[in-house]
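**Student:** Below you'll find the structure I mean.
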Amino acid sequence: ISLQQEIHEKSFVKQIDISVPSEAIKQIENLIQEMGGVDLVILSSGVGFLNPELDWEKDKQTIEVNVLGFCAMANVFMKYFLSQGKGHLVGISSIAAIRGSGVYSASKAFVSNYLEGLRRSVFKKRKQIIITEIQPGYVDTAMAKGEKLFWVASVEKASEAIYQAILKKKNHAYITSRWRIIAWILKATP
């Protein structure tokens, strides 16, 4: 709400728990109506845990938010964009999507593959809908967990890179761009 007070234009603030998709879908549909439509959506949902003990509750929460919640929200917005014939959906995945190392990586691989599928579907339908996948490496937030993290980007630097990728209507962007090197290495190694 403090951010809303800084914005001098009309803005909307809603708290929506996407881990309960049936409720979240209704709330998002109502929000779209309340706003009078939407042209750009950035889906940045994610939880992740270091989970060497394989605690099912942690894995379950990751799946509920990163897979079910993300998919439900993307689905609502894509239906809306298809009905209006245009729009821009931005999904935040992760460099972790490239290589399996637990439920978090698997959940972000789902996001990456789901966005690719949406992009192909839109292309076949010849709609003016842009699908952008953002794959950040480490960003200096609470999500950056573990020891000896490298190439950690500041929130400001990552935000600016994401903003530029959106402005350029890119299909895909690594944040920051140097993570392209790591992605190439991860994809090339068995």
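The way I read the labels, and the way they are meant: chains A, B, ... in the order of the structure tokens, residue 1 as the first residue of every chain, and ligand 1 as the first ligand shown, with later ones counted on from there.
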Just the residues within 9 Å of region 153-168 of chain A, please, counting only C-alpha atoms, with nothing from its chain fewer than 3 positions along; format it as a list in words.

**Tutor:**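 My reading of the contact set: His88, Val90, Thr132, Ile134, Pro136, Gly137, Tyr138, Val139, Asp140, Thr141, Phe150, Asn171, His172, Ala173, Tyr174, Ile175, Thr176 and Ser177 of chain A.
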
**Student:** Please produce a file of those selected residues containing N, CA and C atoms, as a PDB file, in the first residue's frame.

**Tutor:**
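The file below, selection.pdb, is the result:
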ATOM      1  N   HIS A  88       0.503  -8.919 -23.487  1.00  0.00           N
ATOM      2  CA  HIS A  88       1.899  -9.285 -23.235  1.00  0.00           C
ATOM      3  C   HIS A  88       1.966  -9.984 -21.886  1.00  0.00           C
ATOM      4  N   VAL A  90       4.432 -11.861 -19.277  1.00  0.00           N
ATOM      5  CA  VAL A  90       5.823 -12.044 -18.868  1.00  0.00           C
ATOM      6  C   VAL A  90       5.824 -13.026 -17.704  1.00  0.00           C
ATOM      7  N   THR A 132       6.940 -13.482 -22.922  1.00  0.00           N
ATOM      8  CA  THR A 132       8.338 -13.258 -22.552  1.00  0.00           C
ATOM      9  C   THR A 132       8.691 -14.124 -21.348  1.00  0.00           C
ATOM     10  N   ILE A 134      11.515 -14.725 -18.557  1.00  0.00           N
ATOM     11  CA  ILE A 134      12.670 -14.139 -17.879  1.00  0.00           C
ATOM     12  C   ILE A 134      13.304 -15.246 -17.035  1.00  0.00           C
ATOM     13  N   PRO A 136      16.116 -15.418 -14.451  1.00  0.00           N
ATOM     14  CA  PRO A 136      17.161 -14.797 -13.636  1.00  0.00           C
ATOM     15  C   PRO A 136      18.120 -15.826 -13.056  1.00  0.00           C
ATOM     16  N   GLY A 137      19.337 -15.371 -12.878  1.00  0.00           N
ATOM     17  CA  GLY A 137      20.280 -16.104 -12.045  1.00  0.00           C
ATOM     18  C   GLY A 137      20.045 -15.628 -10.623  1.00  0.00           C
ATOM     19  N   TYR A 138      21.093 -15.461  -9.855  1.00  0.00           N
ATOM     20  CA  TYR A 138      20.928 -15.004  -8.478  1.00  0.00           C
ATOM     21  C   TYR A 138      20.675 -13.497  -8.440  1.00  0.00           C
ATOM     22  N   VAL A 139      19.641 -13.138  -7.696  1.00  0.00           N
ATOM     23  CA  VAL A 139      19.320 -11.734  -7.460  1.00  0.00           C
ATOM     24  C   VAL A 139      19.314 -11.551  -5.942  1.00  0.00           C
ATOM     25  N   ASP A 140      19.794 -10.447  -5.479  1.00  0.00           N
ATOM     26  CA  ASP A 140      19.961 -10.197  -4.045  1.00  0.00           C
ATOM     27  C   ASP A 140      18.612 -10.013  -3.348  1.00  0.00           C
ATOM     28  N   THR A 141      17.893 -11.135  -3.210  1.00  0.00           N
ATOM     29  CA  THR A 141      16.609 -11.178  -2.504  1.00  0.00           C
ATOM     30  C   THR A 141      16.621 -12.374  -1.565  1.00  0.00           C
ATOM     31  N   PHE A 150      27.397 -16.752  -6.619  1.00  0.00           N
ATOM     32  CA  PHE A 150      28.214 -15.891  -7.468  1.00  0.00           C
ATOM     33  C   PHE A 150      27.323 -15.169  -8.471  1.00  0.00           C
ATOM     34  N   ASN A 171      11.359 -12.611 -26.487  1.00  0.00           N
ATOM     35  CA  ASN A 171      10.785 -13.909 -26.151  1.00  0.00           C
ATOM     36  C   ASN A 171      11.429 -14.470 -24.891  1.00  0.00           C
ATOM     37  N   HIS A 172      12.705 -14.165 -24.714  1.00  0.00           N
ATOM     38  CA  HIS A 172      13.472 -14.755 -23.618  1.00  0.00           C
ATOM     39  C   HIS A 172      14.599 -13.817 -23.220  1.00  0.00           C
ATOM     40  N   ALA A 173      14.881 -13.778 -21.918  1.00  0.00           N
ATOM     41  CA  ALA A 173      16.026 -12.990 -21.446  1.00  0.00           C
ATOM     42  C   ALA A 173      16.608 -13.632 -20.195  1.00  0.00           C
ATOM     43  N   TYR A 174      17.942 -13.733 -20.172  1.00  0.00           N
ATOM     44  CA  TYR A 174      18.646 -14.131 -18.955  1.00  0.00           C
ATOM     45  C   TYR A 174      18.926 -12.858 -18.167  1.00  0.00           C
ATOM     46  N   ILE A 175      18.777 -12.936 -16.862  1.00  0.00           N
ATOM     47  CA  ILE A 175      19.004 -11.780 -16.011  1.00  0.00           C
ATOM     48  C   ILE A 175      20.056 -12.160 -14.984  1.00  0.00           C
ATOM     49  N   THR A 176      21.161 -11.522 -15.048  1.00  0.00           N
ATOM     50  CA  THR A 176      21.696 -10.626 -16.050  1.00  0.00           C
ATOM     51  C   THR A 176      22.204 -11.440 -17.242  1.00  0.00           C
ATOM     52  N   SER A 177      22.512 -10.748 -18.318  1.00  0.00           N
ATOM     53  CA  SER A 177      22.828 -11.437 -19.578  1.00  0.00           C
ATOM     54  C   SER A 177      24.022 -12.384 -19.470  1.00  0.00           C
TER      55      SER A 177
END

**Student:** Could you write out, as a list in words, all the residues of region 34-114 of chain A that DSSP marks as strand (DSSP E or B)?

**Tutor:** Leu40, Val41, Ile42, Leu43, Lys86, Gly87, His88, Leu89, Val90, Gly91 and Ile92 of chain A

**Student:** Please provide as a VMD selection string all residues within 12 Å of region 22-27 of chain A, with the sequence filter that same-chain residues fewer than 6 positions apart are discarded (counting only C-alpha atoms).

**Tutor:** chain A and resid 13 to 16 33 to 34 64 to 65 68 to 77 79

**Student:** With only C-alpha atoms as the basis for distance, which of A:Lys108, A:Asn66, A:Ser44, A:Tyr80 is at the shortest distance from Asn30 (chain A)?

**Tutor:** A:Tyr80

**Student:** For region 109-113 of chain A, list every protein, DNA or RNA residue within 10 Å, evaluated using only C-alpha atoms, and leave out those in the same chain fewer than 2 positions away; present the list as an NGL selection string.

**Tutor:** :A and (63 or 66-68 or 70-71 or 74 or 91-100 or 103-107 or 115-119 or 132-135 or 172)

**Student:** Could the residues in this selection be written to a file with C-alpha atoms, as a JSON list (two decimals), in the first residue's frame?

**Tutor:**
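Okay, this is what ended up in part_19.json:
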[["chain", "number", "residue", "atom", "x", "y", "z"],
["A", 63, "ILE", "CA", 4.45, -27.09, -6.38],
["A", 66, "ASN", "CA", 5.33, -22.32, -8.61],
["A", 67, "VAL", "CA", 3.35, -24.77, -10.74],
["A", 68, "LEU", "CA", -0.37, -24.75, -9.91],
["A", 70, "PHE", "CA", 1.56, -19.90, -11.88],
["A", 71, "CYS", "CA", -0.36, -22.01, -14.38],
["A", 74, "ALA", "CA", -1.21, -17.56, -16.76],
["A", 91, "GLY", "CA", 6.70, -15.09, -16.77],
["A", 92, "ILE", "CA", 9.58, -15.23, -14.34],
["A", 93, "SER", "CA", 11.29, -18.62, -14.45],
["A", 94, "SER", "CA", 14.85, -19.22, -13.25],
["A", 95, "ILE", "CA", 18.25, -20.30, -14.47],
["A", 96, "ALA", "CA", 17.56, -23.29, -12.18],
["A", 97, "ALA", "CA", 15.02, -24.51, -14.77],
["A", 98, "ILE", "CA", 17.85, -25.71, -16.99],
["A", 99, "ARG", "CA", 19.21, -28.38, -14.68],
["A", 100, "GLY", "CA", 17.38, -30.66, -12.28],
["A", 103, "VAL", "CA", 11.49, -29.53, -6.79],
["A", 104, "TYR", "CA", 12.33, -25.84, -7.22],
["A", 105, "SER", "CA", 14.26, -26.53, -10.43],
["A", 106, "ALA", "CA", 11.49, -28.82, -11.67],
["A", 107, "SER", "CA", 8.85, -26.20, -10.93],
["A", 115, "LEU", "CA", 5.52, -20.41, -21.54],
["A", 116, "GLU", "CA", 7.10, -21.99, -24.62],
["A", 117, "GLY", "CA", 3.89, -23.91, -25.24],
["A", 118, "LEU", "CA", 1.81, -20.75, -24.90],
["A", 119, "ARG", "CA", 4.12, -18.95, -27.34],
["A", 132, "THR", "CA", 8.34, -13.26, -22.55],
["A", 133, "GLU", "CA", 10.27, -15.67, -20.38],
["A", 134, "ILE", "CA", 12.67, -14.14, -17.88],
["A", 135, "GLN", "CA", 15.33, -16.50, -16.47],
["A", 172, "HIS", "CA", 13.47, -14.76, -23.62]]

**Student:** Do you have the CA of Pro190 (chain A)-CA of Glu53 (chain A) distance handy?

**Tutor:**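 If I compute the distance from CA of Pro190 (chain A) to CA of Glu53 (chain A), I get 25.8 Å.
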
**Student:** Please extract the residues of chain A with a backbone DSSP assignment of helix (DSSP H, G or I) and present them as number ranges by chain.

**Tutor:** A: 2-6, 21-35, 56-84, 95-98, 103-125, 155-167, 179-188

**Student:** With C-alpha atoms retained, export the selected residues as a compact mmCIF listing (two decimals), in the first residue's frame.

**Tutor:**
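Saved to result.txt:
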# COMPACT_ATOMS: atom_id res chain seq x y z
CA SER A 2 2.94 2.35 0.58
CA LEU A 3 3.90 1.92 -3.09
CA GLN A 4 0.34 2.74 -4.11
CA GLN A 5 0.62 6.03 -2.22
CA GLU A 6 3.76 6.91 -4.22
CA PRO A 21 -6.03 -21.59 -7.60
CA SER A 22 -9.84 -21.92 -7.49
CA GLU A 23 -10.09 -18.77 -5.34
CA ALA A 24 -7.22 -16.94 -7.05
CA ILE A 25 -8.78 -17.38 -10.50
CA LYS A 26 -12.02 -15.71 -9.37
CA GLN A 27 -10.09 -12.87 -7.73
CA ILE A 28 -7.95 -12.25 -10.82
CA GLU A 29 -10.99 -12.29 -13.12
CA ASN A 30 -12.68 -9.74 -10.82
CA LEU A 31 -9.51 -7.61 -10.75
CA ILE A 32 -9.35 -7.55 -14.57
CA GLN A 33 -12.95 -6.30 -14.65
CA GLU A 34 -12.31 -3.77 -11.89
CA MET A 35 -9.30 -2.38 -13.79
CA TRP A 56 7.08 -33.11 1.70
CA GLU A 57 5.34 -29.98 3.01
CA LYS A 58 8.11 -27.80 1.56
CA ASP A 59 7.95 -29.60 -1.80
CA LYS A 60 4.15 -29.40 -1.79
CA GLN A 61 4.22 -25.65 -1.14
CA THR A 62 6.70 -25.17 -3.98
CA ILE A 63 4.45 -27.09 -6.38
CA GLU A 64 1.29 -25.28 -5.22
CA VAL A 65 2.78 -21.84 -5.82
CA ASN A 66 5.33 -22.32 -8.61
CA VAL A 67 3.35 -24.77 -10.74
CA LEU A 68 -0.37 -24.75 -9.91
CA GLY A 69 -0.57 -21.08 -8.97
CA PHE A 70 1.56 -19.90 -11.88
CA CYS A 71 -0.36 -22.01 -14.38
CA ALA A 72 -3.75 -20.86 -13.07
CA MET A 73 -2.78 -17.18 -13.32
CA ALA A 74 -1.21 -17.56 -16.76
CA ASN A 75 -4.32 -19.38 -17.91
CA VAL A 76 -6.66 -16.57 -16.80
CA PHE A 77 -4.57 -13.86 -18.44
CA MET A 78 -4.04 -15.82 -21.66
CA LYS A 79 -7.79 -16.40 -22.03
CA TYR A 80 -8.29 -12.67 -21.57
CA PHE A 81 -5.56 -11.79 -24.08
CA LEU A 82 -6.96 -14.26 -26.61
CA SER A 83 -10.41 -12.73 -26.25
CA GLN A 84 -9.07 -9.21 -26.89
CA ILE A 95 18.25 -20.30 -14.47
CA ALA A 96 17.56 -23.29 -12.18
CA ALA A 97 15.02 -24.51 -14.77
CA ILE A 98 17.85 -25.71 -16.99
CA VAL A 103 11.49 -29.53 -6.79
CA TYR A 104 12.33 -25.84 -7.22
CA SER A 105 14.26 -26.53 -10.43
CA ALA A 106 11.49 -28.82 -11.67
CA SER A 107 8.85 -26.20 -10.93
CA LYS A 108 10.74 -23.53 -12.84
CA ALA A 109 11.30 -25.98 -15.74
CA PHE A 110 7.51 -26.30 -15.82
CA VAL A 111 7.19 -22.51 -16.05
CA SER A 112 9.73 -22.37 -18.91
CA ASN A 113 8.07 -25.17 -20.87
CA TYR A 114 4.57 -23.86 -20.23
CA LEU A 115 5.52 -20.41 -21.54
CA GLU A 116 7.10 -21.99 -24.62
CA GLY A 117 3.89 -23.91 -25.24
CA LEU A 118 1.81 -20.75 -24.90
CA ARG A 119 4.12 -18.95 -27.34
CA ARG A 120 3.73 -21.72 -29.92
CA SER A 121 -0.04 -21.76 -29.48
CA VAL A 122 -0.28 -17.99 -29.95
CA PHE A 123 1.94 -18.17 -33.04
CA LYS A 124 -0.31 -20.80 -34.61
CA LYS A 125 -3.38 -18.67 -33.87
CA VAL A 155 17.52 -5.83 -7.29
CA GLU A 156 17.93 -2.54 -9.16
CA LYS A 157 20.15 -4.04 -11.87
CA ALA A 158 17.89 -7.09 -12.30
CA SER A 159 14.77 -4.91 -12.41
CA GLU A 160 16.25 -2.67 -15.09
CA ALA A 161 17.28 -5.68 -17.20
CA ILE A 162 13.78 -7.17 -16.90
CA TYR A 163 12.23 -3.81 -17.78
CA GLN A 164 14.41 -3.54 -20.91
CA ALA A 165 13.50 -7.11 -21.98
CA ILE A 166 9.82 -6.23 -21.63
CA LEU A 167 10.20 -2.97 -23.57
CA TRP A 179 23.92 -16.01 -17.17
CA ARG A 180 23.63 -16.96 -20.84
CA ILE A 181 27.14 -18.41 -20.47
CA ILE A 182 26.09 -20.60 -17.53
CA ALA A 183 22.93 -21.66 -19.38
CA TRP A 184 25.01 -22.71 -22.38
CA ILE A 185 27.37 -24.73 -20.16
CA LEU A 186 24.48 -26.38 -18.29
CA LYS A 187 22.76 -27.33 -21.54
CA ALA A 188 25.99 -28.69 -23.04
